[in-house]
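K.L.:
Have a look at this one.
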There are 2 protein chains.
Amino acid sequence: MSNAAKPQTAITPTRADNYQDWYQEVIKAADLAENSDVRGCMVIKPWGYALWENVQRVLDGMFKATGHVNAYFPLFIPVSFLEKEAAHVEGFAKECAVVTHHRLEARDGKLIPVGELEEPLVVRPTSETIIGASFAKWVQSYRDLPLLINQWANVVRWEMRTRLFLRTAEFLWQEGHTAHATPEEAVEETMKMLGVYADFAENYMAMPVIQGEKTAGERFPGAVQTFCIEAMMQDRKALQAGTSHFLGQNFAKASGIKFTDVNNKLEHAWTTSWGVSTRLVGGMIMTHADDDGMICPPRLAPQHIVIMPIAKKPEDREKVIPWVKALKADLEKQSYAGVPVRVHIDDRDTGGGKAWHWIKKGVPIRLEVGPRDIDQDSVSMNRRDKGPKERANVPRGEFIAKVGSILDEIQTALFERAKAYRTEHTKTIDTKDDFYAFFAEPQKQKSNDPTPIHAGFAMAHFNGDPALEAKIKDDLKVTVRCIPLSGGEPGTCPFTGQPSKQRVVWAKAY
Amino acid sequence: MSNAAKPQTAITPTRADNYQDWYQEVIKAADLAENSDVRGCMVIKPWGYALWENVQRVLDGMFKATGHVNAYFPLFIPVSFLEKEAAHVEGFAKECAVVTHHRLEARDGKLIPVGELEEPLVVRPTSETIIGASFAKWVQSYRDLPLLINQWANVVRWEMRTRLFLRTAEFLWQEGHTAHATPEEAVEETMKMLGVYADFAENYMAMPVIQGEKTAGERFPGAVQTFCIEAMMQDRKALQAGTSHFLGQNFAKASGIKFTDVNNKLEHAWTTSWGVSTRLVGGMIMTHADDDGMICPPRLAPQHIVIMPIAKKPEDREKVIPWVKALKADLEKQSYAGVPVRVHIDDRDTGGGKAWHWIKKGVPIRLEVGPRDIDQDSVSMNRRDKGPKERANVPRGEFIAKVGSILDEIQTALFERAKAYRTEHTKTIDTKDDFYAFFAEPQKQKSNDPTPIHAGFAMAHFNGDPALEAKIKDDLKVTVRCIPLSGGEPGTCPFTGQPSKQRVVWAKAY
């Protein structure tokens with residue numbers, strides 16, 4: 001690409017030039033997060049944390065509306081608890097933080113761990129085993145069921161390769177844990193919470209998702225069935241954005257969650273677990289941000305509107321500042337998506353670059369207000385979903401009256417754009433050759449060239465054979481992201497000629 | 001005390017019989033929390049967590065209203081970070097969880113920690129050092145100040161003797177961390193947040209507190225000045241319910257938080273930190289609960305009102321259930337303390353004991369509604385701040401119209417009762433003999449007799465000598481809880497005859 005043809009962008013490199021570096025630069029320019037001095041752990045900065053707080057607020061309301069209550073369980077899990085569920089320990093013991101001592105002592109000017117624990121403790125990578133121990137105490141009879149609990153917490157998985165928000169050693173999440181008297185009820189719960197996640201992703205994050213089931217190889221360690229929502233990022237890789245697991249009686253047996261049923265028979269409970277994490281913030285970035293920086297979906301934006309007064313001279317300030325304060329107060333009386341409109345006045349004395357500051361942070365609406373706007377009783381408005389120079393003059397009263405619908409327009413525009421992008425890069429494929437050609441990477445010129453943008457999602461039939469799935473992963477780094485719930489028709493597996501129940505989603509994944 | 005004279009209570013033992021066991025039993029009966037299988041770590045059960053969520057919601061609003069934003073920093077602190085501040089490491093290295101390995105491997109059927117870390121990590125006991133490392137990167141110029149950050153997080157201190165909510169190895173808290181360009185600004189922030197805590201304690205928890213400064217011996221390790229709010233529990237011991245620290249330049253120097261001031265001179269910043277924790281839930285219990293169980297202050301109660309339909313026969317249920325649902329809906333349209341009134345209908349088929357269930361959980365208002373109440377268009381109301389049998393019939397419309405003011409009456413009654421209790425057990429003392437007599441414990445009859453209720457607060461002059469304070473602590477287990485901000489007059493230290501600037505609060509403490 002020649003430099004002459006390139007429009008100037010606020011983020012360098014662009015998505016096309018180097019997607020991975022673009023992602024880091026967007027995060028930096030929007031001040032969302034940064035790496036810490038602790039291996040693999042990130043610092044979530046105020047703007048990034050405000051996005052997460054809005055995620056929490058909305059999801060927490062959805063969980064409560066579906067009958068769940070919050071509780072809190074220990075950070076530490078005794079190693080013996082992990083040993084109880086064989087598949088689970090296999091999946092999680094490999095990468096965890098182990099606490100072995102409970103004191104530090106100064107020796108030769110250095111602090112040395114002392115006070116060795118009788119039994120080492122693991123910092124929770126997920127809480128099925130420790131919550132199971134509580135459930136075993138709480139559940140005696142079918143009258144104690146269902147037990148519908150959620151926890152907001154930090155978890156630690158000792159990841160070797162980390163990336164801000166998408167994969168970090170410590171991350172924040174919620175984990176739902178429920179216990180039921182019948183498998184039907186537990187499956188219903190599993191699917192209900194998958195639906196809550198899909199609703200949230202599409203209607204709040206403006207991120208289209210495919211709901212589906214994981215194949216055996218991608219299942220949560222210890223689960224009977226794992227369901228997920230999968231979204232396409234702008235490098236056309238798939239992001240697993242939330243999972244909901246039907247655990248059968250596996251964890252109930254491991255933890256001893258037993259109850260007497262209506263017939264006074266002792267039974268193990270049927271459990272589920274489901275979670276989303278700070279990874280969602282990464283999903284928002286990779287779904288919406290552009291070459292000028294972050295774009296916050298209005299329903300989760302830390303601020304809906306930033307007002308920039310244009311007034312340097314004292315007499316102008318005397319006119320402009322009270323006017324924008326009154327505007328802010330009037331806007332805050334409006335509500336959008338069930339909460340008051342959030343407005344920030346940026347009155348910093350920064351010289352230029354103020355608009356670009358907020359473009360890069362992705363605030364949905366920017367208003368500039370100078371003495372002439374006030375004379376006309378109007379505001380000068382920019383929308384983040386449009387070009388940085390597309391400006392509209394809107395009468396004050398009209399803007400206040402319409403602010404909710406303008407925010408909704410932006411929200412919808414972002415969703416539709418993301419959906420169109422996914423549609424454009426999703427291909428129905430019926431032969432093995434087409435499949436391999438679709439996922440073939442463009443040749444790199446040099447070994448240190450950035451990874452190119454990928455192909456997208458392939459909708460292809462599949463006979464379900466794990467060995468075939470492993471071979472394709474080996475060949476192309478492509479996996480079955482999910483078997484969509486909205487299944488479609490039976491057909492023929494292009495790799496084997498065998499029958500296939502439905503098309504599945506194939507893609508490279510985060 | 002003879003059993004014949006004793007009224008029956010829902011909690012055994014009573015406060016007078018065995019205060020410590022009473023506390024545990026109240027928590028159990030209200031289902032607030034329980035000990036976990038992990039040493040010193042508690043499980044916060046849904047009812048207890050709902051109280052904490054309300055604490056979070058209100059305090060978070062207060063922090064934001066005073067200009068703070070939330071962020072999140074790593075759970076782990078490299079040991080070398082702790083070494084940077086000498087007083088700090090002295091205070092915290094003694095009792096901490098140390099992560100030394102990052103993997104478990106099965107050997108002979110047991111999981112063994114492997115993958116030793118080059119540098120051990122401490123699970124944060126408090127975050128001054130790790131947040132300081134970020135601040136050092138974020139602050140360059142006086143224009144970057146003040147930096148006003150809060151974090152909601154879990155922390156771990158390896159306590160040997162733990163008690164639910166009051167002292168646990170892991171607890172939940174918020175920690176504010178701010179950096180300023182001048183010591184005056186940092187002191188102002190320290191005092192402002194102390195004021196926020198006092199406001200919250202008195203106006204939301206209904207727990208009267210004394211604001212004051214700690215003596216040197218009780219200061220936060222590394223702080224220049226520590227301020228606190230202190231409350232009297234019903235065993236007349238003091239509970240330190242929140243602290244706010246002026247850290248001077250100590251942590252800025254340890255972490256390298258430097259900025260160029262208006263004169264382009266390089267300076268270390270002035271920092272503060274302040275925190276409250278799940279201990280506040282313990283404070284609410286010990287301030288308000290009685291021999292019938294928990295009493296939730298209305299402004300933080302998980303439910304404001306529980307409605308118990310009295311209807312066994314199908315025809316009664318047909319009449320009562322829709323009526324109470326409509327009542328609930330009408331009540332939820334009312335608001336109290338800025339949020340919609342929270343109403344729960346308890347329609348469980350439990351036979352008797354339903355009212356006692358909610359008495360023990362401490363819901364402020366209980367309503368019973370049967371067919372006859374409906375015929376009279378009224379509800380049968382009990383208030384948790386009054387006796388369990390003091391019932392009032394209130395017309396439906398009147399109850400809905402007045403629900404906010406009834407809740408406020410209860411809130412105020414709880415605060416006034418706690419304040420009167422504190423006044424009753426606070427004594428102004430002017431001689432050493434009176435002081436020693438005041439704090440002398442009643443003789444125990446047997447060695448395993450429960451600790452008796454204590455004396456209370458002594459307001460006595462003090463010359464400020466640390467050695468004297470240590471001697472008194474040694475003699476009586478009594479310490480200076482704080483030097484009250486509302487200082488009073490100078491006088492004479494009763495222990496030394498030397499001059500004293502003001503009376504201080506002496507008490508036994510949690």
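Each chain in the structure tokens gets a letter, A, B, ..., in the order shown, and its residues are numbered from 1; ligands are numbered from 1 in order too.
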Identify all chain A residues at most 6 Å from chain B by counting only C-alpha atoms; ligands do not count. Present them as a list of chain:residue names.
P.N.:
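Only these qualify: A:Cys41, A:Val43, A:Ile44, A:Lys45, A:Pro46, A:Tyr49, A:Asn70, A:Ala71, A:Tyr72, A:Phe73, A:Pro74, A:Ala93, A:Lys94, A:Glu95, A:Cys96, A:Ala97, A:Val98, A:Val99, A:His101, A:His102, A:Arg103, A:Leu104.
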K.L.:
Could you please write out, as an MDAnalysis selection string, every residue of stretch 8-116 of chain B that DSSP assigns to strand (DSSP E)?
P.N.:
chainID B and resid 33:35 42:44 69:70 76:78 98:107 110:116
K.L.:
Give me the residues within 8 Å of stretch 414-427 of chain A as number ranges by chain, counting only C-alpha atoms and dropping any in the same chain fewer than 5 places off.
P.N.:
A: 202, 206-208, 232, 234, 236, 287-288, 297, 385, 455-459
K.L.:
Can you list, as a ChimeraX atom specification, every protein, DNA or RNA residue that comes within 8 Å of stretch 249-255 of chain A when you count only C-alpha atoms, leaving out same-chain residues fewer than 6 positions away?
P.N.:
/A:84-85,128-129,132-133,136,222-223,268-271
K.L.:
Atom CA of A:Ile365 to atom CA of A:Tyr204: how many Å, to one decimal?
P.N.:
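Atom CA of A:Ile365 sits 16.9 Å away from atom CA of A:Tyr204.
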K.L.:
Excluding A:Glu441 and its own-chain neighbours fewer than 4 positions away, which residues fall within 10 Å of it when counting only C-alpha atoms? Please give them as an mmCIF file with C-alpha atoms, in the first residue's frame.
P.N.:
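Result file around_37.cif:
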data_model
loop_
_atom_site.group_PDB
_atom_site.id
_atom_site.type_symbol
_atom_site.label_atom_id
_atom_site.label_comp_id
_atom_site.auth_asym_id
_atom_site.auth_seq_id
_atom_site.Cartn_x
_atom_site.Cartn_y
_atom_site.Cartn_z
ATOM 1 C CA TYR A 436 -8.364 -25.456 2.579
ATOM 2 C CA ALA A 437 -8.157 -22.637 0.021
ATOM 3 C CA THR A 451 0.071 -11.896 10.871
ATOM 4 C CA PRO A 452 -2.282 -11.026 8.023
ATOM 5 C CA ILE A 453 -6.014 -10.610 8.418
ATOM 6 C CA HIS A 454 -7.631 -14.037 8.341
ATOM 7 C CA ALA A 455 -10.289 -15.571 6.091
ATOM 8 C CA LEU A 476 -4.778 -24.922 9.302
#
K.L.:
Do you have the atom CA of B:Val369-atom CA of B:Val341 distance handy?
P.N.:
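According to the coordinates, atom CA of B:Val369 and atom CA of B:Val341 are separated by 18.4 Å.
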K.L.:
So, with only C-alpha atoms as the atoms that count, which of A:Phe259, A:Phe165, A:Trp274, A:Phe462 lies closest to A:Thr226?
P.N.:
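For A:Thr226, the nearest of the candidates is A:Trp274.
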K.L.:
Return the single residue from A:Ala238, A:Gly387, A:Ile307, A:Val480 that is closest to A:Gly464, with distances computed using only C-alpha atoms.
P.N.:
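Closest to A:Gly464, using only C-alpha atoms: A:Val480.
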K.L.:
Could you pull the residues within 10 Å of stretch 18-22 of chain A, counting only C-alpha atoms, minus those fewer than 2 positions along the same chain, as a PDB file with N, CA, C and O atoms, in the first residue's frame?
P.N.:
ATOM      1  N   ILE A  11      -4.614   6.172  14.745  1.00  0.00           N
ATOM      2  CA  ILE A  11      -3.906   4.984  15.246  1.00  0.00           C
ATOM      3  C   ILE A  11      -2.918   4.484  14.192  1.00  0.00           C
ATOM      4  O   ILE A  11      -3.282   4.281  13.030  1.00  0.00           O
ATOM      5  N   THR A  12      -1.686   4.274  14.626  1.00  0.00           N
ATOM      6  CA  THR A  12      -0.656   3.684  13.773  1.00  0.00           C
ATOM      7  C   THR A  12      -0.080   2.488  14.505  1.00  0.00           C
ATOM      8  O   THR A  12       0.279   2.653  15.680  1.00  0.00           O
ATOM      9  N   PRO A  13       0.037   1.333  13.883  1.00  0.00           N
ATOM     10  CA  PRO A  13      -0.404   1.007  12.529  1.00  0.00           C
ATOM     11  C   PRO A  13      -1.928   0.857  12.444  1.00  0.00           C
ATOM     12  O   PRO A  13      -2.593   0.779  13.469  1.00  0.00           O
ATOM     13  N   THR A  14      -2.427   0.785  11.212  1.00  0.00           N
ATOM     14  CA  THR A  14      -3.859   0.541  11.019  1.00  0.00           C
ATOM     15  C   THR A  14      -4.154  -0.953  11.170  1.00  0.00           C
ATOM     16  O   THR A  14      -3.235  -1.764  11.250  1.00  0.00           O
ATOM     17  N   ARG A  15      -5.440  -1.267  11.165  1.00  0.00           N
ATOM     18  CA  ARG A  15      -5.838  -2.683  11.214  1.00  0.00           C
ATOM     19  C   ARG A  15      -5.215  -3.470  10.069  1.00  0.00           C
ATOM     20  O   ARG A  15      -4.711  -4.571  10.253  1.00  0.00           O
ATOM     21  N   ALA A  16      -5.242  -2.883   8.870  1.00  0.00           N
ATOM     22  CA  ALA A  16      -4.742  -3.593   7.702  1.00  0.00           C
ATOM     23  C   ALA A  16      -3.222  -3.776   7.776  1.00  0.00           C
ATOM     24  O   ALA A  16      -2.687  -4.794   7.351  1.00  0.00           O
ATOM     25  N   GLN A  24      -3.143  -3.138  20.331  1.00  0.00           N
ATOM     26  CA  GLN A  24      -2.410  -2.579  21.482  1.00  0.00           C
ATOM     27  C   GLN A  24      -2.464  -1.056  21.473  1.00  0.00           C
ATOM     28  O   GLN A  24      -2.600  -0.424  22.525  1.00  0.00           O
ATOM     29  N   GLU A  25      -2.348  -0.484  20.275  1.00  0.00           N
ATOM     30  CA  GLU A  25      -2.304   0.976  20.175  1.00  0.00           C
ATOM     31  C   GLU A  25      -3.665   1.607  20.482  1.00  0.00           C
ATOM     32  O   GLU A  25      -3.737   2.693  21.040  1.00  0.00           O
ATOM     33  N   VAL A  26      -4.738   0.934  20.086  1.00  0.00           N
ATOM     34  CA  VAL A  26      -6.079   1.433  20.416  1.00  0.00           C
ATOM     35  C   VAL A  26      -6.250   1.480  21.935  1.00  0.00           C
ATOM     36  O   VAL A  26      -6.740   2.457  22.503  1.00  0.00           O
ATOM     37  N   ILE A  27      -5.814   0.415  22.597  1.00  0.00           N
ATOM     38  CA  ILE A  27      -5.933   0.338  24.057  1.00  0.00           C
ATOM     39  C   ILE A  27      -5.129   1.454  24.722  1.00  0.00           C
ATOM     40  O   ILE A  27      -5.595   2.105  25.666  1.00  0.00           O
ATOM     41  N   LYS A  28      -3.934   1.682  24.156  1.00  0.00           N
ATOM     42  CA  LYS A  28      -3.064   2.719  24.706  1.00  0.00           C
ATOM     43  C   LYS A  28      -3.671   4.114  24.465  1.00  0.00           C
ATOM     44  O   LYS A  28      -3.732   4.942  25.378  1.00  0.00           O
ATOM     45  N   ARG A 163      -2.426 -11.328  26.415  1.00  0.00           N
ATOM     46  CA  ARG A 163      -2.734 -10.134  25.654  1.00  0.00           C
ATOM     47  C   ARG A 163      -3.824  -9.372  26.414  1.00  0.00           C
ATOM     48  O   ARG A 163      -4.802  -9.985  26.861  1.00  0.00           O
ATOM     49  N   GLN A 234     -12.480  -8.138  13.970  1.00  0.00           N
ATOM     50  CA  GLN A 234     -12.180  -7.497  12.685  1.00  0.00           C
ATOM     51  C   GLN A 234     -10.969  -8.085  11.964  1.00  0.00           C
ATOM     52  O   GLN A 234     -10.674  -7.704  10.835  1.00  0.00           O
ATOM     53  N   ASP A 235     -10.255  -8.995  12.617  1.00  0.00           N
ATOM     54  CA  ASP A 235      -9.251  -9.769  11.865  1.00  0.00           C
ATOM     55  C   ASP A 235      -9.865 -11.097  11.411  1.00  0.00           C
ATOM     56  O   ASP A 235      -9.169 -11.973  10.940  1.00  0.00           O
ATOM     57  N   MET A 286     -12.299  -5.068  19.573  1.00  0.00           N
ATOM     58  CA  MET A 286     -12.037  -5.742  18.302  1.00  0.00           C
ATOM     59  C   MET A 286     -13.259  -5.770  17.393  1.00  0.00           C
ATOM     60  O   MET A 286     -13.134  -6.041  16.210  1.00  0.00           O
ATOM     61  N   ALA A 289     -13.766  -0.831  17.279  1.00  0.00           N
ATOM     62  CA  ALA A 289     -12.738   0.202  17.111  1.00  0.00           C
ATOM     63  C   ALA A 289     -12.310   0.283  15.652  1.00  0.00           C
ATOM     64  O   ALA A 289     -12.399  -0.701  14.911  1.00  0.00           O
ATOM     65  N   ASP A 290     -11.868   1.470  15.235  1.00  0.00           N
ATOM     66  CA  ASP A 290     -11.407   1.637  13.857  1.00  0.00           C
ATOM     67  C   ASP A 290      -9.998   2.249  13.862  1.00  0.00           C
ATOM     68  O   ASP A 290      -9.347   2.285  14.905  1.00  0.00           O
ATOM     69  N   ASP A 291      -9.563   2.736  12.710  1.00  0.00           N
ATOM     70  CA  ASP A 291      -8.190   3.229  12.634  1.00  0.00           C
ATOM     71  C   ASP A 291      -8.017   4.588  13.309  1.00  0.00           C
ATOM     72  O   ASP A 291      -6.913   5.128  13.345  1.00  0.00           O
ATOM     73  N   GLY A 293      -9.274   4.754  16.526  1.00  0.00           N
ATOM     74  CA  GLY A 293      -9.310   4.413  17.942  1.00  0.00           C
ATOM     75  C   GLY A 293     -10.578   3.687  18.364  1.00  0.00           C
ATOM     76  O   GLY A 293     -11.303   3.136  17.537  1.00  0.00           O
ATOM     77  N   ASP A 449       7.027 -10.273   9.376  1.00  0.00           N
ATOM     78  CA  ASP A 449       5.813  -9.601   8.917  1.00  0.00           C
ATOM     79  C   ASP A 449       4.670  -9.885   9.893  1.00  0.00           C
ATOM     80  O   ASP A 449       4.584 -10.980  10.437  1.00  0.00           O
ATOM     81  N   PRO A 450       3.814  -8.899  10.083  1.00  0.00           N
ATOM     82  CA  PRO A 450       2.690  -9.161  10.978  1.00  0.00           C
ATOM     83  C   PRO A 450       1.760 -10.234  10.419  1.00  0.00           C
ATOM     84  O   PRO A 450       1.688 -10.416   9.202  1.00  0.00           O
ATOM     85  N   THR A 451       1.070 -10.927  11.307  1.00  0.00           N
ATOM     86  CA  THR A 451       0.071 -11.896  10.871  1.00  0.00           C
ATOM     87  C   THR A 451      -0.967 -11.181  10.019  1.00  0.00           C
ATOM     88  O   THR A 451      -1.466 -10.132  10.406  1.00  0.00           O
ATOM     89  N   PRO A 452      -1.288 -11.712   8.849  1.00  0.00           N
ATOM     90  CA  PRO A 452      -2.282 -11.026   8.023  1.00  0.00           C
ATOM     91  C   PRO A 452      -3.686 -11.210   8.605  1.00  0.00           C
ATOM     92  O   PRO A 452      -3.899 -12.020   9.498  1.00  0.00           O
ATOM     93  N   ILE A 453      -4.606 -10.425   8.092  1.00  0.00           N
ATOM     94  CA  ILE A 453      -6.014 -10.610   8.418  1.00  0.00           C
ATOM     95  C   ILE A 453      -6.437 -11.997   7.903  1.00  0.00           C
ATOM     96  O   ILE A 453      -5.991 -12.429   6.849  1.00  0.00           O
TER      97      ILE A 453
END
K.L.:
Select, from A:Glu184, A:Asp377, A:Glu318, A:Glu230, the residue with the minimum atom-to-atom distance to A:Trp506, counting only C-alpha atoms.
P.N.:
A:Glu230
